[in-house]
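Notes follow once the structure below has been shown.
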Amino acid sequence: MFNPPGVLGWNSDKSYLGRLADRGVPIPPTIWTDAPTRSDVDSAFDRFGTDQVVVKPRVSGGAWKTLRLSRGQPLTGAPDGPSLIQPYLPSIVTDGETSLLFFGRRFSHAVRKTPVPGDFRIQVQFGGRYESVAPPPEALALAEAVLAGIDEDLLYARIDLARDADGGWLLMEAELIEPDLYLAQAPDGGAAFARAVRGRL
């Protein structure tokens, strides 16, 4: 728990994405709702100009109660509290999600996470595959811009990005509360993390 306690309060609610967007960080188009309804979802299809959307709780982890919906699909298993609705990004299947890890605000390594065929969830518990990658310069620049928009002194940060339909990078989440740091995929075996921790002791 070396990240400041105050981070636990705001980073546990995905509404922080809206605040970062206000600072110029690109995120997927988002509808915020107190509880998703059929009307909310139908409006999202039209507003985003898409036939698939993702509905997820504002407070969740590991894709809990996260749905990918096509037009006409029921809201079975939808979150029953504050949520967000975003267009589904096909790049999640083709390119996966890229996580960039920072220790003491210094870049350590990056991991690409891809789902199994037929799924959109990239978490390992759903069969997601993780591999070490060299992040494109544009992705690294965005991740650094995200960190620049966060005032607290962070020991660790995981910045999750994905590509939009035009190939641009979007912030999916900034994981600052005890996230998986993918040290098994770190080329240095986690040495950079160990140095960052030792520097705080």
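Within each chain, counting starts at residue 1; across the structure tokens, chains are named A, B, ... in the order shown, with ligands numbered 1 upward in that order.
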
- prompt: Skipping near chain neighbours, those fewer than 5 positions away, what residues fall within 8 Å of segment 144-153 of chain A using only C-alpha atoms, listed as a list in words?
  reply: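 Everything that qualifies: Asn3, Pro4, Val7, Leu20, Arg23, Val25, Arg105, Ile159 and Ala174 of chain A.
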
message: Using DSSP assignments from the backbone, pull out every residue in segment 28-128 of chain A that falls under alpha helix (DSSP H) and give it to me as a list in words.
response: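 Result set for segment 28-128 of chain A (alpha helix (DSSP H)): Arg38, Ser39, Asp40, Val41, Asp42, Ser43, Ala44, Phe45, Asp46, Arg47, Phe48, Ser91, Ile92, Val93 and Thr94 of chain A.
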
Any chance you can output those residues with N, CA and C atoms as an mmCIF file, in the first residue's frame?
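So the final result, stored in out_38.cif, reads:
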data_model
loop_
_atom_site.group_PDB
_atom_site.id
_atom_site.type_symbol
_atom_site.label_atom_id
_atom_site.label_comp_id
_atom_site.auth_asym_id
_atom_site.auth_seq_id
_atom_site.Cartn_x
_atom_site.Cartn_y
_atom_site.Cartn_z
ATOM 1 N N ARG A 38 -32.391 -0.303 -20.456
ATOM 2 C CA ARG A 38 -32.506 -0.628 -21.868
ATOM 3 C C ARG A 38 -32.441 0.640 -22.718
ATOM 4 N N SER A 39 -33.087 1.693 -22.235
ATOM 5 C CA SER A 39 -33.076 2.960 -22.958
ATOM 6 C C SER A 39 -31.661 3.525 -23.057
ATOM 7 N N ASP A 40 -30.886 3.421 -21.968
ATOM 8 C CA ASP A 40 -29.505 3.908 -21.987
ATOM 9 C C ASP A 40 -28.690 3.184 -23.054
ATOM 10 N N VAL A 41 -28.850 1.873 -23.092
ATOM 11 C CA VAL A 41 -28.071 1.069 -24.035
ATOM 12 C C VAL A 41 -28.491 1.364 -25.468
ATOM 13 N N ASP A 42 -29.799 1.444 -25.707
ATOM 14 C CA ASP A 42 -30.278 1.749 -27.052
ATOM 15 C C ASP A 42 -29.773 3.116 -27.517
ATOM 16 N N SER A 43 -29.771 4.075 -26.608
ATOM 17 C CA SER A 43 -29.259 5.402 -26.945
ATOM 18 C C SER A 43 -27.767 5.355 -27.273
ATOM 19 N N ALA A 44 -27.041 4.486 -26.562
ATOM 20 C CA ALA A 44 -25.598 4.376 -26.776
ATOM 21 C C ALA A 44 -25.290 3.862 -28.180
ATOM 22 N N PHE A 45 -26.059 2.871 -28.658
ATOM 23 C CA PHE A 45 -25.827 2.364 -30.012
ATOM 24 C C PHE A 45 -25.908 3.498 -31.026
ATOM 25 N N ASP A 46 -26.946 4.307 -30.881
ATOM 26 C CA ASP A 46 -27.145 5.398 -31.834
ATOM 27 C C ASP A 46 -26.110 6.505 -31.659
ATOM 28 N N ARG A 47 -25.820 6.852 -30.418
ATOM 29 C CA ARG A 47 -24.868 7.936 -30.161
ATOM 30 C C ARG A 47 -23.466 7.580 -30.645
ATOM 31 N N PHE A 48 -23.062 6.318 -30.444
ATOM 32 C CA PHE A 48 -21.718 5.902 -30.824
ATOM 33 C C PHE A 48 -21.645 5.420 -32.273
ATOM 34 N N SER A 91 -10.506 -3.726 -31.744
ATOM 35 C CA SER A 91 -9.060 -3.919 -31.606
ATOM 36 C C SER A 91 -8.705 -4.782 -30.399
ATOM 37 N N ILE A 92 -9.609 -4.888 -29.434
ATOM 38 C CA ILE A 92 -9.340 -5.736 -28.270
ATOM 39 C C ILE A 92 -9.113 -7.174 -28.723
ATOM 40 N N VAL A 93 -9.860 -7.602 -29.743
ATOM 41 C CA VAL A 93 -9.703 -8.964 -30.259
ATOM 42 C C VAL A 93 -8.509 -9.058 -31.201
ATOM 43 N N THR A 94 -8.329 -8.071 -32.071
ATOM 44 C CA THR A 94 -7.263 -8.159 -33.074
ATOM 45 C C THR A 94 -5.885 -7.794 -32.516
#

task: Apply DSSP to the structure's backbone, then extract all residues of segment 53-193 of chain A labelled strand (DSSP E or B) and return them as a PyMOL selection string.
output: chain A and resi 53-57+67-70+83-87+97-103+106-114+129-133+156-163+169-175

task: Point out the residue among A:Gly81, A:Pro115, A:Pro87, A:Gly128 with the least atom-to-atom distance to Thr33 of chain A, counting only C-alpha atoms.
output: A:Gly81

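The shortest atom-to-atom distance to Leu8 of chain A, with only C-alpha atoms taken into account, belongs to A:Val59 out of A:Val59, A:Ala186, A:Ala141, A:Ala165.
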
task: Compare A:Asp13, A:Asp95, A:Asp164, A:Glu178 by their minimum atom-to-atom distance to Lys113 of chain A, counting only C-alpha atoms, and give me the closest one.
output: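 Among A:Asp13, A:Asp95, A:Asp164, A:Glu178, it is A:Asp95 that comes nearest to Lys113 of chain A.
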
query: If you count only C-alpha atoms, which residues fall within 9 Å of Phe103 of chain A, apart from same-chain ones fewer than 6 positions away, as a VMD selection string?
result: chain A and resid 154 to 158 192 to 193 195 to 197

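Taking atom CA of Pro29 of chain A and atom CA of Val55 of chain A as the two end points, the separation is 12.3 Å.
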
- prompt: Which residues, written as a list in words, have at least one atom at most 10 Å from Asn11 of chain A, with only C-alpha atoms counted and residues fewer than 4 positions away on the same chain left out?
  reply: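 Answer for this query is Gly6, Val7, Ser15, Tyr16, Leu17, Val59, Glu173, Ala174, Glu175, Leu176 and Ile177 of chain A.
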